[in-house]
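What follows is the content of entry.pdb (PDB, C-alpha atoms).
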MODEL        1
ATOM      1  CA  MET A  25       0.000   0.000   0.000
ATOM      2  CA  ILE A  26       2.848   2.386   0.867
ATOM      3  CA  PHE A  27       4.583   1.625  -2.421
ATOM      4  CA  SER A  28       1.321   2.111  -4.246
ATOM      5  CA  LYS A  29       0.836   5.599  -2.773
ATOM      6  CA  ILE A  30       4.415   6.554  -3.495
ATOM      7  CA  GLY A  31       4.063   5.289  -7.042
ATOM      8  CA  SER A  32       0.852   7.237  -7.550
ATOM      9  CA  ARG A  33       2.438  10.428  -6.263
ATOM     10  CA  ALA A  34       5.462   9.979  -8.535
ATOM     11  CA  LEU A  35       3.243   9.494 -11.544
ATOM     12  CA  LEU A  36       1.236  12.608 -10.628
ATOM     13  CA  ALA A  37       4.388  14.676 -10.202
ATOM     14  CA  ALA A  38       5.701  13.485 -13.556
ATOM     15  CA  ALA A  39       2.411  14.364 -15.224
ATOM     16  CA  CYS A  40       2.492  17.878 -13.730
ATOM     17  CA  LEU A  41       6.038  18.435 -14.919
ATOM     18  CA  ALA A  42       5.067  17.318 -18.409
ATOM     19  CA  VAL A  43       2.542  20.102 -18.787
ATOM     20  CA  LEU A  44       4.581  22.890 -17.161
ATOM     21  CA  PRO A  45       5.506  25.595 -19.710
ATOM     22  CA  PHE A  46       9.210  25.746 -20.546
ATOM     23  CA  ALA A  47      10.867  28.951 -21.796
ATOM     24  CA  ALA A  48      11.428  28.700 -25.529
ATOM     25  CA  GLU A  49      15.054  28.908 -26.595
ATOM     26  CA  ALA A  50      15.844  32.127 -28.472
ATOM     27  CA  ARG A  51      16.529  31.769 -32.174
ATOM     28  CA  GLU A  52      19.867  33.270 -33.183
ATOM     29  CA  LEU A  53      19.981  35.109 -36.502
ATOM     30  CA  ARG A  54      23.284  35.989 -38.174
ATOM     31  CA  ILE A  55      24.074  39.254 -39.974
ATOM     32  CA  GLY A  56      27.158  39.825 -42.128
ATOM     33  CA  LEU A  57      28.955  43.021 -43.157
ATOM     34  CA  ILE A  58      32.199  43.956 -44.889
ATOM     35  CA  THR A  59      32.876  47.003 -42.719
ATOM     36  CA  PRO A  60      35.324  46.955 -39.772
ATOM     37  CA  PRO A  61      34.105  47.104 -36.144
ATOM     38  CA  SER A  62      34.759  50.863 -35.979
ATOM     39  CA  HIS A  63      32.547  51.669 -38.979
ATOM     40  CA  VAL A  64      29.125  53.213 -38.416
ATOM     41  CA  TRP A  65      27.374  50.379 -40.297
ATOM     42  CA  THR A  66      28.856  47.790 -37.940
ATOM     43  CA  LYS A  67      27.698  49.906 -35.001
ATOM     44  CA  VAL A  68      24.195  49.948 -36.529
ATOM     45  CA  ALA A  69      24.198  46.148 -36.683
ATOM     46  CA  GLN A  70      25.429  45.952 -33.096
ATOM     47  CA  ARG A  71      22.654  48.320 -32.004
ATOM     48  CA  MET A  72      20.096  46.001 -33.591
ATOM     49  CA  ALA A  73      21.711  43.062 -31.804
ATOM     50  CA  GLU A  74      21.367  44.873 -28.474
ATOM     51  CA  LYS A  75      17.689  45.737 -28.928
ATOM     52  CA  LEU A  76      16.236  42.741 -30.783
ATOM     53  CA  PRO A  77      15.976  40.274 -27.855
ATOM     54  CA  GLU A  78      13.896  42.643 -25.734
ATOM     55  CA  ALA A  79      11.749  43.736 -28.690
ATOM     56  CA  THR A  80      10.851  40.125 -29.512
ATOM     57  CA  ASP A  81      10.339  39.001 -25.889
ATOM     58  CA  GLY A  82      13.381  36.788 -26.162
ATOM     59  CA  ASP A  83      12.343  35.078 -29.406
ATOM     60  CA  LEU A  84      15.253  36.416 -31.478
ATOM     61  CA  THR A  85      18.908  37.304 -30.985
ATOM     62  CA  LEU A  86      21.316  38.662 -33.591
ATOM     63  CA  ALA A  87      24.974  37.674 -34.011
ATOM     64  CA  VAL A  88      27.067  40.271 -35.892
ATOM     65  CA  PHE A  89      29.936  39.254 -38.211
ATOM     66  CA  PRO A  90      31.828  42.364 -39.437
ATOM     67  CA  ALA A  91      34.941  42.872 -41.562
ATOM     68  CA  GLY A  92      34.064  40.259 -44.167
ATOM     69  CA  GLN A  93      34.317  37.360 -41.698
ATOM     70  CA  LEU A  94      31.666  35.485 -43.701
ATOM     71  CA  GLY A  95      33.120  36.365 -47.104
ATOM     72  CA  THR A  96      32.771  39.085 -49.709
ATOM     73  CA  GLU A  97      29.427  40.761 -50.257
ATOM     74  CA  GLN A  98      28.866  38.621 -53.345
ATOM     75  CA  GLU A  99      29.473  35.495 -51.254
ATOM     76  CA  MET A 100      27.154  36.710 -48.505
ATOM     77  CA  PHE A 101      24.402  37.363 -51.053
ATOM     78  CA  GLN A 102      24.753  33.763 -52.171
ATOM     79  CA  GLN A 103      24.537  32.613 -48.566
ATOM     80  CA  MET A 104      21.343  34.614 -48.021
ATOM     81  CA  SER A 105      19.768  33.186 -51.158
ATOM     82  CA  THR A 106      20.295  29.649 -49.857
ATOM     83  CA  GLY A 107      19.320  30.424 -46.260
ATOM     84  CA  LEU A 108      22.836  29.951 -44.856
ATOM     85  CA  LEU A 109      22.920  33.615 -43.788
ATOM     86  CA  ASP A 110      19.912  35.374 -42.316
ATOM     87  CA  ALA A 111      20.662  39.048 -42.880
ATOM     88  CA  GLY A 112      23.110  41.569 -44.265
ATOM     89  CA  LEU A 113      23.811  45.272 -44.077
ATOM     90  CA  MET A 114      25.178  45.555 -47.585
ATOM     91  CA  THR A 115      26.411  48.346 -49.808
ATOM     92  CA  ALA A 116      23.723  49.635 -52.144
ATOM     93  CA  ALA A 117      26.436  49.387 -54.787
ATOM     94  CA  ILE A 118      26.692  45.586 -54.797
ATOM     95  CA  THR A 119      22.993  45.298 -53.943
ATOM     96  CA  SER A 120      22.243  47.140 -57.191
ATOM     97  CA  LEU A 121      23.454  44.086 -59.097
ATOM     98  CA  ARG A 122      20.223  42.449 -57.880
ATOM     99  CA  ALA A 123      17.994  45.540 -57.854
ATOM    100  CA  PRO A 124      19.362  47.727 -60.690
ATOM    101  CA  SER A 125      17.304  50.834 -59.884
ATOM    102  CA  LEU A 126      19.343  51.229 -56.704
ATOM    103  CA  GLN A 127      22.046  52.650 -58.951
ATOM    104  CA  GLY A 128      20.050  55.875 -58.875
ATOM    105  CA  TRP A 129      21.646  56.588 -55.507
ATOM    106  CA  PHE A 130      24.951  56.923 -57.339
ATOM    107  CA  THR A 131      23.878  59.712 -59.662
ATOM    108  CA  PRO A 132      26.990  61.921 -59.607
ATOM    109  CA  TYR A 133      26.566  65.150 -57.664
ATOM    110  CA  LEU A 134      22.894  64.474 -56.912
ATOM    111  CA  PHE A 135      23.571  65.196 -53.227
ATOM    112  CA  THR A 136      25.687  67.885 -51.615
ATOM    113  CA  GLY A 137      26.100  65.922 -48.411
ATOM    114  CA  VAL A 138      24.900  63.074 -46.234
ATOM    115  CA  SER A 139      21.912  65.009 -44.865
ATOM    116  CA  ASP A 140      20.435  65.362 -48.359
ATOM    117  CA  ALA A 141      20.831  61.638 -48.973
ATOM    118  CA  ILE A 142      19.149  60.783 -45.658
ATOM    119  CA  ASP A 143      16.134  62.872 -46.657
ATOM    120  CA  ALA A 144      15.976  61.082 -50.023
ATOM    121  CA  ALA A 145      15.567  57.703 -48.308
ATOM    122  CA  GLU A 146      11.984  58.690 -47.472
ATOM    123  CA  THR A 147      10.928  59.269 -51.078
ATOM    124  CA  PRO A 148       8.429  56.830 -52.620
ATOM    125  CA  ALA A 149      10.936  55.873 -55.314
ATOM    126  CA  ALA A 150      13.560  54.935 -52.717
ATOM    127  CA  GLN A 151      11.052  52.620 -51.067
ATOM    128  CA  GLN A 152      10.141  51.093 -54.459
ATOM    129  CA  MET A 153      13.826  50.351 -54.993
ATOM    130  CA  LEU A 154      13.792  48.223 -51.839
ATOM    131  CA  GLY A 155      10.810  46.349 -53.276
ATOM    132  CA  GLU A 156      12.921  45.251 -56.253
ATOM    133  CA  LEU A 157      14.852  43.001 -53.878
ATOM    134  CA  ASP A 158      11.828  40.690 -53.707
ATOM    135  CA  ARG A 159      12.841  39.257 -57.072
ATOM    136  CA  ALA A 160      16.201  38.281 -55.596
ATOM    137  CA  GLY A 161      14.653  36.446 -52.650
ATOM    138  CA  LEU A 162      15.472  39.251 -50.220
ATOM    139  CA  HIS A 163      13.369  41.435 -47.968
ATOM    140  CA  GLY A 164      14.575  45.064 -47.946
ATOM    141  CA  MET A 165      14.141  46.789 -44.584
ATOM    142  CA  GLY A 166      15.665  50.238 -45.077
ATOM    143  CA  TYR A 167      18.732  52.411 -45.623
ATOM    144  CA  THR A 168      21.568  53.905 -43.651
ATOM    145  CA  PHE A 169      24.580  55.849 -44.894
ATOM    146  CA  ALA A 170      28.332  56.094 -44.923
ATOM    147  CA  GLY A 171      29.969  59.344 -45.951
ATOM    148  CA  MET A 172      30.212  60.914 -49.380
ATOM    149  CA  ARG A 173      32.703  59.454 -51.837
ATOM    150  CA  HIS A 174      36.107  61.089 -52.319
ATOM    151  CA  ILE A 175      39.407  60.263 -54.038
ATOM    152  CA  LEU A 176      42.393  59.019 -52.039
ATOM    153  CA  MET A 177      45.746  58.836 -53.868
ATOM    154  CA  ARG A 178      49.090  57.380 -52.830
ATOM    155  CA  ASP A 179      51.411  60.116 -54.074
ATOM    156  CA  GLU A 180      49.608  63.102 -55.618
ATOM    157  CA  PRO A 181      46.248  64.849 -55.236
ATOM    158  CA  ALA A 182      43.544  64.337 -57.877
ATOM    159  CA  THR A 183      43.158  68.022 -58.613
ATOM    160  CA  ASP A 184      41.848  67.444 -62.145
ATOM    161  CA  VAL A 185      40.927  64.703 -64.604
ATOM    162  CA  ALA A 186      44.410  64.755 -66.116
ATOM    163  CA  ALA A 187      45.917  63.623 -62.799
ATOM    164  CA  LEU A 188      43.804  60.471 -62.952
ATOM    165  CA  GLN A 189      44.639  59.279 -66.452
ATOM    166  CA  ASN A 190      45.605  55.585 -66.498
ATOM    167  CA  LYS A 191      45.747  55.465 -62.699
ATOM    168  CA  LYS A 192      44.663  52.206 -61.053
ATOM    169  CA  ILE A 193      41.765  53.208 -58.803
ATOM    170  CA  ARG A 194      40.041  50.782 -56.470
ATOM    171  CA  ILE A 195      36.295  50.838 -57.020
ATOM    172  CA  VAL A 196      33.263  48.912 -55.864
ATOM    173  CA  PRO A 197      32.509  46.811 -58.979
ATOM    174  CA  PHE A 198      29.040  47.864 -60.080
ATOM    175  CA  PRO A 199      28.004  49.541 -63.357
ATOM    176  CA  ALA A 200      27.539  53.200 -62.334
ATOM    177  CA  MET A 201      30.942  53.458 -60.673
ATOM    178  CA  LYS A 202      32.682  51.546 -63.467
ATOM    179  CA  VAL A 203      31.196  53.870 -66.082
ATOM    180  CA  TRP A 204      32.199  56.973 -64.130
ATOM    181  CA  TRP A 205      35.816  55.988 -63.655
ATOM    182  CA  GLN A 206      36.259  54.659 -67.167
ATOM    183  CA  GLU A 207      35.014  57.970 -68.562
ATOM    184  CA  VAL A 208      37.393  59.828 -66.257
ATOM    185  CA  GLY A 209      40.228  57.910 -67.956
ATOM    186  CA  ALA A 210      41.384  55.883 -64.977
ATOM    187  CA  VAL A 211      41.690  52.104 -64.727
ATOM    188  CA  PRO A 212      38.884  51.002 -62.365
ATOM    189  CA  THR A 213      40.239  48.087 -60.343
ATOM    190  CA  PRO A 214      38.030  45.910 -58.092
ATOM    191  CA  VAL A 215      39.868  44.878 -54.923
ATOM    192  CA  ASN A 216      38.283  43.496 -51.755
ATOM    193  CA  LEU A 217      38.122  46.202 -49.086
ATOM    194  CA  THR A 218      40.136  44.075 -46.664
ATOM    195  CA  GLU A 219      42.991  43.904 -49.227
ATOM    196  CA  VAL A 220      43.153  47.602 -50.146
ATOM    197  CA  TYR A 221      45.706  48.587 -47.481
ATOM    198  CA  GLN A 222      48.307  46.170 -48.837
ATOM    199  CA  ALA A 223      47.459  47.040 -52.443
ATOM    200  CA  LEU A 224      48.143  50.726 -51.744
ATOM    201  CA  GLN A 225      51.262  49.896 -49.789
ATOM    202  CA  THR A 226      52.753  47.799 -52.592
ATOM    203  CA  GLY A 227      51.675  50.070 -55.452
ATOM    204  CA  LEU A 228      49.159  47.654 -56.933
ATOM    205  CA  LEU A 229      46.730  50.563 -56.588
ATOM    206  CA  ASP A 230      47.364  54.245 -57.222
ATOM    207  CA  GLY A 231      44.236  55.365 -55.420
ATOM    208  CA  VAL A 232      40.826  54.539 -53.994
ATOM    209  CA  ASP A 233      37.253  55.768 -54.428
ATOM    210  CA  ILE A 234      36.423  55.943 -50.713
ATOM    211  CA  ASP A 235      34.277  57.352 -47.921
ATOM    212  CA  LEU A 236      35.964  58.903 -44.879
ATOM    213  CA  ASP A 237      34.577  56.308 -42.445
ATOM    214  CA  ALA A 238      36.274  53.438 -44.258
ATOM    215  CA  LEU A 239      39.434  55.483 -44.827
ATOM    216  CA  VAL A 240      39.883  56.285 -41.133
ATOM    217  CA  GLY A 241      38.631  52.920 -39.871
ATOM    218  CA  LEU A 242      41.075  50.974 -42.024
ATOM    219  CA  LYS A 243      43.922  53.505 -41.599
ATOM    220  CA  PHE A 244      44.524  53.956 -45.308
ATOM    221  CA  GLN A 245      46.149  57.331 -44.545
ATOM    222  CA  GLU A 246      49.200  55.337 -43.398
ATOM    223  CA  VAL A 247      49.884  54.182 -46.974
ATOM    224  CA  ALA A 248      48.245  56.907 -49.109
ATOM    225  CA  HIS A 249      48.931  60.550 -48.452
ATOM    226  CA  ASP A 250      46.709  62.738 -50.641
ATOM    227  CA  LEU A 251      42.952  63.073 -50.232
ATOM    228  CA  THR A 252      40.847  65.097 -52.658
ATOM    229  CA  LEU A 253      37.387  65.958 -51.357
ATOM    230  CA  THR A 254      35.061  65.563 -54.344
ATOM    231  CA  SER A 255      31.749  64.349 -52.806
ATOM    232  CA  HIS A 256      30.966  62.907 -56.243
ATOM    233  CA  MET A 257      28.551  60.223 -54.982
ATOM    234  CA  THR A 258      26.760  59.221 -51.822
ATOM    235  CA  PHE A 259      27.088  55.708 -50.409
ATOM    236  CA  PRO A 260      24.074  54.032 -48.767
ATOM    237  CA  ALA A 261      23.800  50.621 -47.180
ATOM    238  CA  VAL A 262      20.699  48.460 -47.453
ATOM    239  CA  MET A 263      19.469  46.395 -44.526
ATOM    240  CA  MET A 264      18.013  43.130 -45.783
ATOM    241  CA  VAL A 265      16.879  39.726 -44.594
ATOM    242  CA  SER A 266      16.775  36.488 -46.544
ATOM    243  CA  ASP A 267      13.200  35.736 -47.613
ATOM    244  CA  MET A 268      13.650  32.235 -46.216
ATOM    245  CA  THR A 269      14.368  33.724 -42.796
ATOM    246  CA  TRP A 270      11.794  36.525 -42.993
ATOM    247  CA  ASN A 271       8.956  34.201 -43.991
ATOM    248  CA  SER A 272       9.790  31.862 -41.122
ATOM    249  CA  LEU A 273       9.211  34.601 -38.517
ATOM    250  CA  SER A 274       5.860  35.259 -36.888
ATOM    251  CA  GLN A 275       4.077  38.479 -37.827
ATOM    252  CA  GLU A 276       4.794  39.785 -34.328
ATOM    253  CA  ASP A 277       8.530  39.110 -34.656
ATOM    254  CA  GLN A 278       8.594  40.610 -38.161
ATOM    255  CA  ALA A 279       7.014  43.811 -36.863
ATOM    256  CA  ALA A 280       9.393  43.961 -33.906
ATOM    257  CA  PHE A 281      12.438  43.313 -36.100
ATOM    258  CA  GLN A 282      11.357  46.063 -38.519
ATOM    259  CA  LYS A 283      10.895  48.535 -35.659
ATOM    260  CA  VAL A 284      14.348  47.734 -34.261
ATOM    261  CA  ALA A 285      15.901  48.063 -37.724
ATOM    262  CA  ASP A 286      14.161  51.403 -38.385
ATOM    263  CA  GLU A 287      15.491  52.864 -35.132
ATOM    264  CA  ALA A 288      19.044  51.601 -35.648
ATOM    265  CA  LEU A 289      19.258  52.681 -39.292
ATOM    266  CA  ALA A 290      18.025  56.197 -38.430
ATOM    267  CA  TRP A 291      20.462  56.349 -35.511
ATOM    268  CA  GLY A 292      23.325  55.365 -37.816
ATOM    269  CA  SER A 293      22.416  58.015 -40.364
ATOM    270  CA  GLU A 294      22.468  60.717 -37.689
ATOM    271  CA  GLN A 295      25.789  59.427 -36.372
ATOM    272  CA  GLN A 296      27.209  59.712 -39.866
ATOM    273  CA  ILE A 297      26.511  63.451 -40.086
ATOM    274  CA  THR A 298      28.740  64.022 -37.056
ATOM    275  CA  ALA A 299      31.280  61.425 -38.188
ATOM    276  CA  GLU A 300      31.911  63.299 -41.443
ATOM    277  CA  GLU A 301      33.246  66.269 -39.468
ATOM    278  CA  THR A 302      35.200  64.153 -36.994
ATOM    279  CA  ASN A 303      36.813  61.997 -39.669
ATOM    280  CA  LEU A 304      37.803  65.015 -41.741
ATOM    281  CA  ALA A 305      39.388  66.716 -38.726
ATOM    282  CA  THR A 306      41.401  63.552 -38.062
ATOM    283  CA  LEU A 307      42.609  63.327 -41.643
ATOM    284  CA  GLU A 308      43.536  67.002 -41.932
ATOM    285  CA  ASN A 309      46.042  66.418 -39.131
ATOM    286  CA  GLU A 310      47.564  63.372 -40.801
ATOM    287  CA  MET A 311      47.678  63.963 -44.563
ATOM    288  CA  THR A 312      47.273  66.455 -47.389
ATOM    289  CA  VAL A 313      43.611  67.300 -47.980
ATOM    290  CA  THR A 314      42.540  69.177 -51.119
ATOM    291  CA  ARG A 315      39.017  70.499 -51.731
ATOM    292  CA  LEU A 316      37.825  70.267 -55.327
ATOM    293  CA  THR A 317      35.143  72.935 -55.489
ATOM    294  CA  ASP A 318      34.324  72.578 -59.204
ATOM    295  CA  GLY A 319      34.014  68.786 -59.291
ATOM    296  CA  LYS A 320      30.648  68.741 -61.046
ATOM    297  CA  GLN A 321      32.132  70.693 -63.932
ATOM    298  CA  ALA A 322      35.515  68.931 -63.870
ATOM    299  CA  PHE A 323      33.862  65.504 -64.181
ATOM    300  CA  ALA A 324      31.016  66.616 -66.462
ATOM    301  CA  LYS A 325      31.640  63.980 -69.166
ATOM    302  CA  ALA A 326      31.766  61.161 -66.622
ATOM    303  CA  ASN A 327      28.603  62.445 -64.950
ATOM    304  CA  GLU A 328      26.766  62.471 -68.291
ATOM    305  CA  ALA A 329      27.966  58.963 -69.130
ATOM    306  CA  VAL A 330      26.525  57.610 -65.874
ATOM    307  CA  GLN A 331      23.226  59.369 -66.486
ATOM    308  CA  ALA A 332      23.011  57.841 -69.975
ATOM    309  CA  SER A 333      23.584  54.370 -68.491
ATOM    310  CA  PHE A 334      20.430  54.779 -66.376
ATOM    311  CA  ALA A 335      18.120  54.953 -69.399
ATOM    312  CA  PRO A 336      16.764  51.360 -69.050
ATOM    313  CA  TYR A 337      15.562  52.035 -65.490
ATOM    314  CA  PRO A 338      12.615  54.484 -65.354
ATOM    315  CA  LEU A 339      12.464  54.282 -61.563
ATOM    316  CA  ILE A 340      15.817  56.095 -61.417
ATOM    317  CA  ALA A 341      14.355  59.074 -63.273
ATOM    318  CA  GLU A 342      11.448  59.113 -60.803
ATOM    319  CA  PHE A 343      13.908  58.999 -57.909
ATOM    320  CA  GLN A 344      15.966  61.872 -59.304
ATOM    321  CA  ALA A 345      12.839  63.960 -59.842
ATOM    322  CA  GLN A 346      11.593  63.298 -56.310
ATOM    323  CA  VAL A 347      15.012  64.172 -54.864
ATOM    324  CA  ALA A 348      15.066  67.423 -56.846
ATOM    325  CA  ALA A 349      11.598  68.297 -55.566
ATOM    326  CA  GLU A 350      12.656  67.552 -51.989
ATOM    327  CA  GLN A 351      15.769  69.700 -52.313
ATOM    328  CA  ALA A 352      13.721  72.594 -53.770
ATOM    329  CA  LYS A 353      11.534  72.844 -50.659
TER     330      LYS A 353
ENDMDL
END

Would you write out, as structure tokens, the structure that this file holds?
Amino acid sequence: MIFSKIGSRALLAAACLAVLPFAAEARELRIGLITPPSHVWTKVAQRMAEKLPEATDGDLTLAVFPAGQLGTEQEMFQQMSTGLLDAGLMTAAITSLRAPSLQGWFTPYLFTGVSDAIDAAETPAAQQMLGELDRAGLHGMGYTFAGMRHILMRDEPATDVAALQNKKIRIVPFPAMKVWWQEVGAVPTPVNLTEVYQALQTGLLDGVDIDLDALVGLKFQEVAHDLTLTSHMTFPAVMMVSDMTWNSLSQEDQAAFQKVADEALAWGSEQQITAEETNLATLENEMTVTRLTDGKQAFAKANEAVQASFAPYPLIAEFQAQVAAEQAK
């Protein structure tokens, strides 16, 4: 009888334990970037990683892999398409190979500074550009920005087009930038960002098309000594999630993830406005900095060539018109 009661109690206890709710284990998502830890885009990803667990009630966490730890951007795109990588904060440049209208962001001299570009992210056309990623199996979440693009040279400032003839210039390999540099008369040379320092040091490259964040973060001023401020293009990043990952999330977690991303992307854009001034002050103490005040005129032929290359993409014309209207206010 004693054993019977003990047995009954044990069975009852086991039954109670079986129905007790257990805390669900958080699902870890992975996000890849090519920028170093000091870059504003990496800080944006880290900000999302800090806020996502609380926003999703512990359902989701985010592991950040900066500095190309998971490969080049092209490799990370492939990983997202197969579900091996959940998310990326990727240059709009390489992203434009999958959503061509994104090249509109690289209209030469469309923006005078980062603040103008941030405002343009709210235009209907900019949001339609994100929608083009659907065809590539990606869910576009929004934009953030690095600084304007300038020209860094090893040995002499790029004070005019003649100084750039036949020079090997590192570019991001997408059509708008290729067209621009080819028309300038340089030799556009794709090199992975993580390999640029050595390429400048050894003379494989004569110069780099670069933003100040990447320049300072990767210490390129140690191996290249002349910076010409041209502000010839802006340089956005696109936050995206693999469709395979996005569609596997609950509607509640999707909404929470989007809210976290919106806040972090906006925060990063505001940080970039201040960073432009801080980075420039740093560089003016360490190298020769030249301001090219007539860049739009000096590079007129290259600017026109890029504009002509946009003809197949009517959304770019809509974007440019909406940006012009915004700037006229």

### Query
Neighbours of Leu228 of chain A within 8 Å (only C-alpha atoms; same-chain residues fewer than 4 positions away dropped), as a list in words?
Lys192, Ala223 and Leu224 of chain A

Result set, the PyMOL selection byres ((chain A and resi 280) around 10) on current file, as a VMD selection string: chain A and resid 75 to 81 84 274 to 279 281 to 286

*Measure the distance from atom CA of Asn309 of chain A to atom CA of Asp140 of chain A in Å and round it to one decimal.*
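Interatomic distance, atom CA of Asn309 of chain A to atom CA of Asp140 of chain A: 27.2 Å.
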
Margin query: Applying the PyMOL selection byres ((chain A and resi 162) around 8) to the file I just gave you, which residues come out? Please list them as an MDAnalysis selection string.
Written below: chainID A and resid 104:105 157:161 163:164 264:267

Once the PyMOL selection byres ((chain A and resi 97) around 10) has been evaluated on this model, what residues remain selected, and can you format them as a PDB file with C-alpha atoms, in the coordinates of the input?
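Wrote expr.pdb, looks like this:
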ATOM      1  CA  GLY A  56      27.158  39.825 -42.128  1.00  0.00           C
ATOM      2  CA  LEU A  57      28.955  43.021 -43.157  1.00  0.00           C
ATOM      3  CA  ILE A  58      32.199  43.956 -44.889  1.00  0.00           C
ATOM      4  CA  GLY A  92      34.064  40.259 -44.167  1.00  0.00           C
ATOM      5  CA  LEU A  94      31.666  35.485 -43.701  1.00  0.00           C
ATOM      6  CA  GLY A  95      33.120  36.365 -47.104  1.00  0.00           C
ATOM      7  CA  THR A  96      32.771  39.085 -49.709  1.00  0.00           C
ATOM      8  CA  GLN A  98      28.866  38.621 -53.345  1.00  0.00           C
ATOM      9  CA  GLU A  99      29.473  35.495 -51.254  1.00  0.00           C
ATOM     10  CA  MET A 100      27.154  36.710 -48.505  1.00  0.00           C
ATOM     11  CA  PHE A 101      24.402  37.363 -51.053  1.00  0.00           C
ATOM     12  CA  GLN A 102      24.753  33.763 -52.171  1.00  0.00           C
ATOM     13  CA  GLN A 103      24.537  32.613 -48.566  1.00  0.00           C
ATOM     14  CA  GLY A 112      23.110  41.569 -44.265  1.00  0.00           C
ATOM     15  CA  LEU A 113      23.811  45.272 -44.077  1.00  0.00           C
ATOM     16  CA  MET A 114      25.178  45.555 -47.585  1.00  0.00           C
ATOM     17  CA  THR A 115      26.411  48.346 -49.808  1.00  0.00           C
ATOM     18  CA  ILE A 118      26.692  45.586 -54.797  1.00  0.00           C
ATOM     19  CA  THR A 119      22.993  45.298 -53.943  1.00  0.00           C
ATOM     20  CA  ASN A 216      38.283  43.496 -51.755  1.00  0.00           C
TER      21      ASN A 216
END

Sorted by chain and rising residue number, list the residues of segment 135-190 of chain A at most 7 Å from segment 197-213 of chain A (counting all atoms listed in the file), each with its closest atom pair and distance in Å to one decimal, as CSV.
residue,atom,partner,partner_atom,distance
A:Val185,CA,A:Val208,CA,6.2
A:Leu188,CA,A:Ala210,CA,5.6
A:Gln189,CA,A:Gly209,CA,4.9
A:Asn190,CA,A:Ala210,CA,4.5

- Query: Pick from A:Gln295, A:Asn271, A:Thr258, A:Gln346: nearest to Gln127 of chain A, with only C-alpha atoms counted?
  - Reply: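 Counting only C-alpha atoms, the residue closest to Gln127 of chain A is A:Thr258.
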
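Atom CA of Phe169 of chain A sits 26.1 Å away from atom CA of Met268 of chain A.
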
Here atom CA of Leu307 of chain A and atom CA of Leu239 of chain A stand apart by 9.0 Å

Notebook entry, point to check: Out of A:Trp270, A:Phe259, A:Tyr221, A:Tyr337, which residue has the shortest atom-to-atom distance to Ala145 of chain A when counting all atoms listed in the file?
Noted result: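 Answer, going by the shortest atom-to-atom distance: A:Phe259.
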
Which residues come within 7 Å of Asp179 of chain A, counting all atoms listed in the file, excluding same-chain residues fewer than 5 positions away, as a ChimeraX atom specification? /A:248-250

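Ranking A:Ala341, A:Leu251, A:Val215, A:Val64 by their shortest atom-to-atom distance to Ala238 of chain A, with all atoms listed in the file included, puts A:Val64 first.
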
Min atom-atom distance to Val247 of chain A from the set A:Asp230, A:Glu287, A:Glu294, A:Glu328, counting only C-alpha atoms, belongs to A:Asp230

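Between Leu242 of chain A and the candidates A:Val220, A:Ala186, A:Val262, A:Met153, the tightest atom-to-atom separation, counting all atoms listed in the file, involves A:Val220.
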
Judged by all atoms listed in the file, the minimum distance to Glu49 of chain A among A:Gly82, A:Pro61, A:Gly241, A:Pro214 is found for A:Gly82
